[in-house]
>>> print(open('upload-v4.tsv').read())   # TSV, C-alpha atoms and all ligand atoms
chain	number	residue	atom	x	y	z
O	1	MET	CA	43.35	5.22	2.16
O	2	THR	CA	42.08	1.68	2.30
O	3	HIS	CA	39.52	0.60	-0.25
O	4	THR	CA	38.62	-2.56	1.57
O	5	ILE	CA	35.82	-2.69	4.11
O	6	PRO	CA	36.97	-3.72	7.62
O	7	PRO	CA	35.16	-6.99	8.42
O	8	LEU	CA	33.88	-5.84	11.82
O	9	GLY	CA	32.27	-2.43	12.14
O	10	LEU	CA	29.96	-0.58	14.49
O	11	GLY	CA	26.28	-0.16	13.63
O	12	THR	CA	25.13	3.24	14.84
O	13	TYR	CA	21.34	2.91	14.59
O	14	GLY	CA	19.94	4.33	17.84
O	15	ARG	CA	23.25	5.93	18.89
O	16	THR	CA	21.76	9.45	18.78
O	17	GLY	CA	22.60	12.53	20.82
O	18	ASP	CA	25.57	12.93	23.14
O	19	ALA	CA	25.16	9.38	24.47
O	20	GLY	CA	25.50	8.15	20.88
O	21	THR	CA	28.71	10.11	20.35
O	22	ALA	CA	30.08	8.69	23.61
O	23	ALA	CA	29.27	5.10	22.56
O	24	ILE	CA	30.93	5.59	19.15
O	25	LEU	CA	33.96	7.11	20.84
O	26	ASP	CA	34.13	4.10	23.20
O	27	ALA	CA	34.06	1.83	20.15
O	28	LEU	CA	36.91	3.71	18.49
O	29	GLU	CA	38.95	3.46	21.71
O	30	ILE	CA	38.35	-0.31	21.79
O	31	GLY	CA	39.65	-0.56	18.23
O	32	TYR	CA	36.64	-0.36	15.88
O	33	ARG	CA	37.66	1.27	12.60
O	34	HIS	CA	34.45	1.00	10.61
O	35	LEU	CA	31.31	3.01	11.39
O	36	ASP	CA	27.93	2.47	9.72
O	37	THR	CA	25.48	5.37	9.65
O	38	ALA	CA	22.60	6.51	7.40
O	39	GLN	CA	20.66	9.64	6.55
O	40	ASN	CA	17.69	8.08	8.34
O	41	TYR	CA	19.48	7.21	11.62
O	42	ASP	CA	20.17	10.75	12.84
O	43	THR	CA	23.70	9.61	13.71
O	44	GLU	CA	25.78	11.11	10.89
O	45	ARG	CA	26.78	14.08	13.06
O	46	GLN	CA	27.70	11.75	15.97
O	47	VAL	CA	29.92	9.63	13.71
O	48	GLY	CA	31.84	12.66	12.49
O	49	GLU	CA	32.17	14.13	15.95
O	50	ALA	CA	33.40	10.87	17.48
O	51	VAL	CA	36.04	10.42	14.76
O	52	ARG	CA	37.27	14.01	15.23
O	53	ARG	CA	37.37	13.64	19.02
O	54	SER	CA	39.13	10.26	18.84
O	55	GLY	CA	42.32	11.85	17.52
O	56	LEU	CA	42.48	9.18	14.81
O	57	LYS	CA	43.44	10.23	11.32
O	58	ARG	CA	40.59	10.38	8.83
O	59	ASP	CA	42.03	7.56	6.77
O	60	GLU	CA	42.16	5.23	9.78
O	61	VAL	CA	38.36	4.95	10.01
O	62	PHE	CA	36.04	3.57	7.34
O	63	VAL	CA	32.75	5.50	7.24
O	64	THR	CA	29.58	4.34	5.49
O	65	THR	CA	26.36	6.25	5.01
O	66	LYS	CA	23.14	5.51	3.11
O	67	VAL	CA	20.78	7.54	0.96
O	68	GLY	CA	17.27	7.31	2.43
O	69	ASP	CA	14.46	5.88	0.31
O	70	GLN	CA	12.56	9.19	0.45
O	71	ARG	CA	15.47	11.03	-1.26
O	72	MET	CA	16.28	8.80	-4.22
O	73	ASP	CA	14.65	10.76	-7.03
O	74	LYS	CA	16.93	12.69	-9.37
O	75	ALA	CA	16.17	16.06	-7.76
O	76	GLN	CA	16.87	15.08	-4.15
O	77	PHE	CA	19.60	12.44	-4.44
O	78	MET	CA	22.75	14.55	-4.87
O	79	PRO	CA	21.73	17.38	-2.50
O	80	SER	CA	21.02	14.71	0.15
O	81	VAL	CA	24.53	13.26	-0.30
O	82	GLU	CA	26.07	16.74	-0.01
O	83	ARG	CA	24.05	17.27	3.17
O	84	SER	CA	25.31	13.94	4.58
O	85	LEU	CA	28.91	14.96	3.93
O	86	GLU	CA	28.26	18.27	5.71
O	87	GLN	CA	26.68	16.47	8.68
O	88	ILE	CA	29.54	14.00	9.01
O	89	GLY	CA	32.15	16.66	8.33
O	90	LEU	CA	34.99	14.30	7.41
O	91	GLY	CA	35.17	14.89	3.66
O	92	PRO	CA	34.12	12.09	1.27
O	93	VAL	CA	32.67	8.96	2.83
O	94	ASP	CA	34.36	5.63	2.21
O	95	LEU	CA	31.14	3.93	1.18
O	96	LEU	CA	27.77	5.28	0.03
O	97	LEU	CA	24.81	2.89	-0.09
O	98	ILE	CA	21.30	2.92	-1.44
O	99	HIS	CA	19.40	2.11	1.79
O	100	TRP	CA	16.37	0.37	0.18
O	101	PRO	CA	15.53	-0.34	-3.46
O	102	SER	CA	12.43	1.57	-4.55
O	103	LYS	CA	9.45	-0.75	-4.23
O	104	ASN	CA	8.03	-1.74	-7.63
O	105	ASP	CA	10.42	0.79	-9.20
O	106	ALA	CA	8.22	3.69	-8.08
O	107	ILE	CA	11.44	5.65	-8.51
O	108	PRO	CA	13.12	4.28	-11.66
O	109	PHE	CA	15.99	1.90	-10.79
O	110	GLU	CA	18.17	3.47	-13.51
O	111	ASP	CA	17.69	6.93	-12.00
O	112	TYR	CA	18.90	6.23	-8.49
O	113	MET	CA	21.60	3.77	-9.51
O	114	THR	CA	23.11	6.20	-12.01
O	115	SER	CA	22.92	8.93	-9.34
O	116	LEU	CA	24.83	6.60	-7.01
O	117	ALA	CA	27.55	6.03	-9.63
O	118	GLU	CA	27.68	9.77	-10.29
O	119	ALA	CA	28.14	10.49	-6.57
O	120	ARG	CA	31.28	8.38	-6.70
O	121	GLN	CA	32.51	10.04	-9.90
O	122	ARG	CA	32.03	13.43	-8.26
O	123	GLY	CA	34.25	12.33	-5.37
O	124	PHE	CA	31.55	12.16	-2.68
O	125	ALA	CA	32.34	8.50	-1.93
O	126	ARG	CA	35.32	6.23	-2.54
O	127	LEU	CA	33.14	3.14	-2.90
O	128	ILE	CA	29.46	2.62	-3.64
O	129	GLY	CA	27.10	-0.17	-2.67
O	130	VAL	CA	23.54	-1.18	-1.94
O	131	SER	CA	21.38	-2.46	0.88
O	132	ASN	CA	18.33	-4.70	1.01
O	133	PHE	CA	18.87	-5.69	-2.64
O	134	THR	CA	17.59	-9.01	-3.97
O	135	ILE	CA	19.28	-11.23	-6.55
O	136	ASP	CA	17.18	-9.57	-9.23
O	137	HIS	CA	18.33	-6.10	-8.11
O	138	LEU	CA	21.95	-7.29	-8.08
O	139	GLU	CA	21.67	-8.68	-11.61
O	140	ARG	CA	20.13	-5.41	-12.82
O	141	THR	CA	22.97	-3.53	-11.10
O	142	ASP	CA	25.54	-5.62	-13.00
O	143	ARG	CA	23.81	-4.92	-16.29
O	144	LEU	CA	23.50	-1.19	-15.63
O	145	LEU	CA	26.81	-0.32	-13.97
O	146	GLY	CA	28.99	-3.27	-14.99
O	147	LYS	CA	30.40	-6.13	-12.91
O	148	GLY	CA	32.33	-5.12	-9.83
O	149	ALA	CA	30.78	-1.63	-9.62
O	150	ILE	CA	29.44	-2.14	-6.09
O	151	ALA	CA	31.43	-3.05	-3.00
O	152	THR	CA	28.73	-4.70	-0.87
O	153	ASN	CA	25.05	-5.48	-0.37
O	154	GLN	CA	24.07	-4.80	3.25
O	155	VAL	CA	21.28	-7.13	4.34
O	156	GLU	CA	19.84	-8.73	7.47
O	157	LEU	CA	21.95	-11.80	8.24
O	158	HIS	CA	22.47	-13.70	11.49
O	159	PRO	CA	22.55	-17.34	12.58
O	160	TYR	CA	18.72	-17.49	12.41
O	161	LEU	CA	18.60	-15.94	8.90
O	162	GLN	CA	21.47	-17.27	6.80
O	163	SER	CA	19.85	-16.51	3.41
O	164	PRO	CA	21.41	-19.38	1.43
O	165	ARG	CA	20.13	-18.29	-2.00
O	166	LEU	CA	21.31	-14.71	-1.69
O	167	VAL	CA	24.63	-15.79	-0.18
O	168	ALA	CA	25.28	-18.28	-3.00
O	169	HIS	CA	24.53	-15.63	-5.60
O	170	ALA	CA	26.71	-12.99	-3.91
O	171	ARG	CA	29.58	-15.51	-3.69
O	172	SER	CA	29.23	-16.31	-7.37
O	173	MET	CA	29.57	-12.57	-8.11
O	174	GLY	CA	32.49	-12.15	-5.66
O	175	LEU	CA	30.34	-9.63	-3.78
O	176	PRO	CA	30.76	-9.41	0.01
O	177	LEU	CA	27.57	-9.12	2.03
O	178	THR	CA	27.41	-6.88	5.09
O	179	ALA	CA	25.34	-8.44	7.86
O	180	TYR	CA	23.03	-6.03	9.64
O	181	GLN	CA	21.45	-7.05	12.94
O	182	PRO	CA	24.16	-9.74	13.05
O	183	ILE	CA	23.30	-10.75	16.60
O	184	ALA	CA	19.55	-10.52	15.90
O	185	LYS	CA	19.17	-7.47	18.14
O	186	GLY	CA	20.76	-9.30	21.07
O	187	GLU	CA	18.84	-12.57	20.67
O	188	CYS	CA	21.97	-14.53	19.74
O	189	ALA	CA	23.47	-13.53	23.10
O	190	ARG	CA	20.97	-15.91	24.76
O	191	ASP	CA	21.42	-18.84	22.37
O	192	PRO	CA	22.47	-22.05	24.21
O	193	LEU	CA	24.46	-23.54	21.30
O	194	LEU	CA	26.34	-20.30	20.64
O	195	GLY	CA	26.90	-19.97	24.40
O	196	ARG	CA	28.43	-23.47	24.65
O	197	ILE	CA	30.73	-22.80	21.69
O	198	GLY	CA	31.65	-19.44	23.23
O	199	GLU	CA	32.70	-21.14	26.48
O	200	THR	CA	35.28	-23.26	24.65
O	201	HIS	CA	36.76	-20.13	23.02
O	202	GLY	CA	36.47	-17.85	26.07
O	203	VAL	CA	34.05	-15.45	24.34
O	204	THR	CA	30.33	-14.63	24.51
O	205	ALA	CA	27.56	-16.23	22.47
O	206	ALA	CA	27.17	-12.94	20.57
O	207	ALA	CA	30.85	-13.01	19.62
O	208	VAL	CA	30.39	-16.55	18.29
O	209	ALA	CA	27.55	-15.33	16.05
O	210	LEU	CA	29.81	-12.58	14.72
O	211	ALA	CA	32.79	-14.91	14.26
O	212	PHE	CA	30.56	-17.35	12.37
O	213	LEU	CA	29.30	-14.65	9.97
O	214	MET	CA	32.85	-13.43	9.32
O	215	ALA	CA	34.02	-17.00	8.73
O	216	GLU	CA	31.23	-17.26	6.13
O	217	GLY	CA	32.82	-14.29	4.37
O	218	HIS	CA	30.46	-11.57	5.57
O	219	ILE	CA	31.20	-8.17	7.07
O	220	VAL	CA	29.40	-7.56	10.40
O	221	ILE	CA	28.17	-4.31	11.97
O	222	PRO	CA	26.78	-5.02	15.48
O	223	ALA	CA	25.57	-2.06	17.56
O	224	SER	CA	25.92	-1.47	21.27
O	225	SER	CA	26.06	1.35	23.78
O	226	SER	CA	27.62	-0.80	26.49
O	227	LYS	CA	31.38	-0.70	26.75
O	228	ALA	CA	31.44	-4.31	27.91
O	229	ASN	CA	29.33	-5.51	24.96
O	230	LEU	CA	31.34	-3.40	22.49
O	231	ALA	CA	34.53	-5.06	23.71
O	232	ALA	CA	32.98	-8.54	23.83
O	233	ASN	CA	31.72	-8.16	20.25
O	234	PHE	CA	35.09	-6.87	19.05
O	235	ALA	CA	36.70	-10.02	20.46
O	236	ALA	CA	34.95	-11.98	17.68
O	237	ARG	CA	37.82	-10.95	15.39
O	238	SER	CA	40.18	-13.34	17.13
O	239	VAL	CA	37.91	-16.40	17.22
O	240	THR	CA	38.59	-19.25	14.79
O	241	LEU	CA	35.70	-21.71	14.74
O	242	THR	CA	36.22	-25.35	13.84
O	243	ASP	CA	34.47	-26.86	10.81
O	244	ALA	CA	32.26	-28.85	13.20
O	245	GLU	CA	31.28	-25.69	15.10
O	246	LYS	CA	30.44	-23.87	11.88
O	247	ALA	CA	28.39	-26.84	10.70
O	248	SER	CA	26.42	-26.87	13.95
O	249	ILE	CA	25.74	-23.11	13.74
O	250	ARG	CA	24.48	-23.56	10.16
O	251	THR	CA	21.67	-25.70	11.60
O	252	LEU	CA	20.33	-22.66	13.51
O	253	ASP	CA	19.05	-21.11	10.26
O	254	ARG	CA	15.26	-20.86	10.40
O	255	GLY	CA	14.64	-18.06	7.93
O	256	PHE	CA	13.76	-15.76	10.83
O	257	ARG	CA	13.61	-12.22	9.44
O	258	ARG	CA	13.27	-9.32	11.87
O	259	ILE	CA	13.21	-6.36	9.45
O	260	ASN	CA	10.41	-6.61	6.90
O	261	PRO	CA	8.67	-3.26	6.41
O	262	ASP	CA	6.03	-2.57	3.73
O	263	LYS	CA	8.72	-1.03	1.52
O	264	ALA	CA	10.71	-4.29	1.52
O	265	PRO	CA	11.25	-6.11	-1.79
O	266	ARG	CA	10.24	-9.74	-2.34
O	267	TRP	CA	13.11	-11.50	-0.55
O	268	ASP	CA	14.95	-14.47	-2.04
O	269	ASP	CA	15.10	-16.44	1.22
F	301	LIG	N1	20.56	-1.39	5.99
F	301	LIG	C1	19.51	-1.54	6.76
F	301	LIG	O1	18.36	-1.52	6.32
F	301	LIG	C2	19.74	-1.77	8.24
F	301	LIG	C3	18.67	-2.22	9.05
F	301	LIG	C4	18.93	-2.44	10.40
F	301	LIG	C5	20.19	-2.21	10.92
F	301	LIG	N2	21.19	-1.74	10.12
F	301	LIG	C6	22.56	-1.48	10.65
F	301	LIG	O2	22.97	-2.61	11.37
F	301	LIG	C7	23.36	-2.21	12.69
F	301	LIG	C8	23.12	-3.33	13.67
F	301	LIG	O3	21.75	-3.59	13.80
F	301	LIG	P1	20.93	-3.24	15.13
F	301	LIG	O4	21.63	-2.13	15.83
F	301	LIG	O5	19.53	-2.99	14.75
F	301	LIG	O6	20.95	-4.63	15.91
F	301	LIG	P2	22.10	-5.60	16.51
F	301	LIG	O7	23.46	-5.06	16.30
F	301	LIG	O8	21.81	-6.99	16.03
F	301	LIG	O9	21.74	-5.58	18.06
F	301	LIG	C9	21.88	-4.45	18.85
F	301	LIG	C10	21.26	-4.74	20.21
F	301	LIG	O10	21.89	-5.88	20.79
F	301	LIG	C11	22.41	-5.55	22.07
F	301	LIG	N3	23.75	-6.14	22.17
F	301	LIG	C12	24.86	-5.80	21.47
F	301	LIG	N4	25.89	-6.57	21.81
F	301	LIG	C13	25.44	-7.43	22.74
F	301	LIG	C14	26.04	-8.46	23.49
F	301	LIG	N5	27.34	-8.77	23.32
F	301	LIG	N6	25.28	-9.15	24.38
F	301	LIG	C15	23.98	-8.84	24.56
F	301	LIG	N7	23.34	-7.85	23.88
F	301	LIG	C16	24.07	-7.17	22.98
F	301	LIG	C17	22.48	-4.05	22.14
F	301	LIG	O11	22.23	-3.61	23.46
F	301	LIG	P3	23.38	-2.87	24.34
F	301	LIG	O12	23.47	-1.47	23.80
F	301	LIG	O13	22.83	-2.96	25.71
F	301	LIG	O14	24.65	-3.65	24.15
F	301	LIG	C18	21.38	-3.61	21.19
F	301	LIG	O15	20.16	-3.52	21.88
F	301	LIG	C19	22.55	-0.94	12.93
F	301	LIG	O16	23.06	-0.19	14.01
F	301	LIG	C20	22.64	-0.28	11.59
F	301	LIG	O17	23.89	0.38	11.47
F	301	LIG	C21	20.98	-1.56	8.79
>>> encode(input="upload-v4.tsv", output="structure tokens")
Amino acid sequence: MTHTIPPLGLGTYGRTGDAGTAAILDALEIGYRHLDTAQNYDTERQVGEAVRRSGLKRDEVFVTTKVGDQRMDKAQFMPSVERSLEQIGLGPVDLLLIHWPSKNDAIPFEDYMTSLAEARQRGFARLIGVSNFTIDHLERTDRLLGKGAIATNQVELHPYLQSPRLVAHARSMGLPLTAYQPIAKGECARDPLLGRIGETHGVTAAAVALAFLMAEGHIVIPASSSKANLAANFAARSVTLTDAEKASIRTLDRGFRRINPDKAPRWDD
């Protein structure tokens, strides 16, 4: 069983129902070996079903799920994880994340973070991590659980939101970031600069966005239900951008954040 997170995975938000299972199965056939789900996506069952139907061995696919912010108190946390494992039906998950930190510590940070560590100790997850955490949350995590306890922080990252402060901090900790909405919900696919770079490499603009994020050291989890887009995005794995191309893509950063609900923390960037 691998303990490292494959750098390109499939986001499964919106891949619900039988159509969702079919899209995930298409992704596995193309070669995706990392699936990202969450209690709040209603896709845990689809992820498990697609892996079983694919004929792949359990240890060939890396599966992540996330504890929803409405189930982080001491009473609900562990039963919710057990329910996730039942829904997915593949045994322990590879990675279990806290989906959102509790705003203003309405649920005590120590409570849900120690529950997360306990879930790993109890064998529900091989690795643990966090999502939508700020630098302050990451520092508190280090103090509470010790350095190196978490495997990733999953945050919104794409060429238009490169989050330099958070990225610098994560690098200093040796913590990989997982980029959600890595093609900005399809917007990068229409970007002229990314398109021009894509032409020279024989790939799409979206693939250039993904290749750029991976070259920056991030893990990416784009979503798609289209077989053509799934394959085009997967092709990002074989793109090597030049230093000049990476430098030009860095200029696209404009701090453009798409996901910023009321429950969001005060972001660093
Ligand atoms: N931790 C969190 O709080 C959080 C928040 C948001 C998302 N996520 C995770 O991140 C994953 C990705 O985010 P997302 O699904 O919201 O957005 P995304 O991956 O940035 O974009 C998905 C959209 O882009 C389109 N698309 C995909 N590939 C394309 C291509 N090559 N060319 C043109 N359009 C393309 C898709 O349409 P088609 O189906 O037509 O291809 C879909 O509408 C989610 O599925 C979820 O797993 C996590």
>>> residues_near_ligand(input="upload-v4.tsv", ligand="ligand LIG 301 (chain F)", cutoff="9 Å", atoms="all atoms listed in the file", output="number ranges by chain")
O: 9-15, 23, 35-38, 41, 66, 97-100, 130-132, 153-156, 158, 178-190, 204-207, 220-233, 259
>>> residues_around(input="upload-v4.tsv", residues="region 136-144 of chain O", least_positions_apart="4", cutoff="10 Å", atoms="only C-alpha atoms", output="JSON, numbers by chain")
{"O": [101, 109, 110, 113, 114, 129, 130, 132, 148, 149, 150, 153, 166, 169, 170, 173, 175, 265, 266, 267, 268]}
>>> write_last_selection(input="upload-v4.tsv", atoms="C-alpha atoms", output="tab-separated table (two decimals), in the coordinates of the input")
chain	number	residue	atom	x	y	z
O	101	PRO	CA	15.53	-0.34	-3.46
O	109	PHE	CA	15.99	1.90	-10.79
O	110	GLU	CA	18.17	3.47	-13.51
O	113	MET	CA	21.60	3.77	-9.51
O	114	THR	CA	23.11	6.20	-12.01
O	129	GLY	CA	27.10	-0.17	-2.67
O	130	VAL	CA	23.54	-1.18	-1.94
O	132	ASN	CA	18.33	-4.70	1.01
O	148	GLY	CA	32.33	-5.12	-9.83
O	149	ALA	CA	30.78	-1.63	-9.62
O	150	ILE	CA	29.44	-2.14	-6.09
O	153	ASN	CA	25.05	-5.48	-0.37
O	166	LEU	CA	21.31	-14.71	-1.69
O	169	HIS	CA	24.53	-15.63	-5.60
O	170	ALA	CA	26.71	-12.99	-3.91
O	173	MET	CA	29.57	-12.57	-8.11
O	175	LEU	CA	30.34	-9.63	-3.78
O	265	PRO	CA	11.25	-6.11	-1.79
O	266	ARG	CA	10.24	-9.74	-2.34
O	267	TRP	CA	13.11	-11.50	-0.55
O	268	ASP	CA	14.95	-14.47	-2.04
>>> closest_residue(input="upload-v4.tsv", among="O:Ala235, O:Leu157, O:Leu28, O:Leu252", to="Val47 (chain O)", atoms="all atoms listed in the file")
O:Leu28
>>> atom_distance(input="upload-v4.tsv", atom1="CA of Phe62 (chain O)", atom2="CA of Ser80 (chain O)")
20.0 Å
>>> residues_around(input="upload-v4.tsv", residues="region 121-126 of chain O", least_positions_apart="3", cutoff="7 Å", atoms="all atoms listed in the file", output="list in words")
Pro92, Val93, Asp94, Leu95, Leu96, Ala117 and Glu118 of chain O
>>> residues_around(input="upload-v4.tsv", residues="Phe77 (chain O)", least_positions_apart="3", cutoff="10 Å", atoms="all atoms listed in the file", output="list in words")
Val67, Gly68, Asp69, Gln70, Arg71, Met72, Asp73, Lys74, Ser80, Val81, Glu82, Asp111, Tyr112, Ser115, Leu116 and Ala119 of chain O
>>> atom_distance(input="upload-v4.tsv", atom1="CA of Glu199 (chain O)", atom2="CA of Ser248 (chain O)")
15.1 Å
>>> residues_around(input="upload-v4.tsv", residues="Glu216 (chain O)", least_positions_apart="2", cutoff="12 Å", atoms="only C-alpha atoms", output="MDAnalysis selection string")
chainID O and resid 7 157:159 162:164 167:168 170:171 176:179 209:214 218:220 240:241 243 246:247 249:250
>>> write_last_selection(input="upload-v4.tsv", atoms="C-alpha atoms", output="compact mmCIF listing (two decimals), in the frame of the given file")
# COMPACT_ATOMS: atom_id res chain seq x y z
CA PRO O 7 35.16 -6.99 8.42
CA LEU O 157 21.95 -11.80 8.24
CA HIS O 158 22.47 -13.70 11.49
CA PRO O 159 22.55 -17.34 12.58
CA GLN O 162 21.47 -17.27 6.80
CA SER O 163 19.85 -16.51 3.41
CA PRO O 164 21.41 -19.38 1.43
CA VAL O 167 24.63 -15.79 -0.18
CA ALA O 168 25.28 -18.28 -3.00
CA ALA O 170 26.71 -12.99 -3.91
CA ARG O 171 29.58 -15.51 -3.69
CA PRO O 176 30.76 -9.41 0.01
CA LEU O 177 27.57 -9.12 2.03
CA THR O 178 27.41 -6.88 5.09
CA ALA O 179 25.34 -8.44 7.86
CA ALA O 209 27.55 -15.33 16.05
CA LEU O 210 29.81 -12.58 14.72
CA ALA O 211 32.79 -14.91 14.26
CA PHE O 212 30.56 -17.35 12.37
CA LEU O 213 29.30 -14.65 9.97
CA MET O 214 32.85 -13.43 9.32
CA HIS O 218 30.46 -11.57 5.57
CA ILE O 219 31.20 -8.17 7.07
CA VAL O 220 29.40 -7.56 10.40
CA THR O 240 38.59 -19.25 14.79
CA LEU O 241 35.70 -21.71 14.74
CA ASP O 243 34.47 -26.86 10.81
CA LYS O 246 30.44 -23.87 11.88
CA ALA O 247 28.39 -26.84 10.70
CA ILE O 249 25.74 -23.11 13.74
CA ARG O 250 24.48 -23.56 10.16
>>> atom_distance(input="upload-v4.tsv", atom1="CA of Ile5 (chain O)", atom2="CA of Tyr32 (chain O)")
12.0 Å
>>> closest_residue(input="upload-v4.tsv", among="O:Thr251, O:Gln87, O:Pro261, O:Val208", to="Ala236 (chain O)", atoms="all atoms listed in the file")
O:Val208
>>> closest_residue(input="upload-v4.tsv", among="O:Ala264, O:Ala27, O:Ala22, O:Val63", to="Gln46 (chain O)", atoms="all atoms listed in the file")
O:Ala22
>>> closest_residue(input="upload-v4.tsv", among="O:Leu85, O:Leu25, O:Ile30, O:Ala75", to="Val51 (chain O)", atoms="all atoms listed in the file")
O:Leu25
>>> closest_residue(input="upload-v4.tsv", among="O:Thr152, O:Leu90, O:Met78, O:Ser172", to="Arg120 (chain O)", atoms="all atoms listed in the file")
O:Met78
>>> closest_residue(input="upload-v4.tsv", among="O:Thr134, O:Ser84, O:Gln76, O:Thr43", to="Lys103 (chain O)", atoms="only C-alpha atoms")
O:Thr134
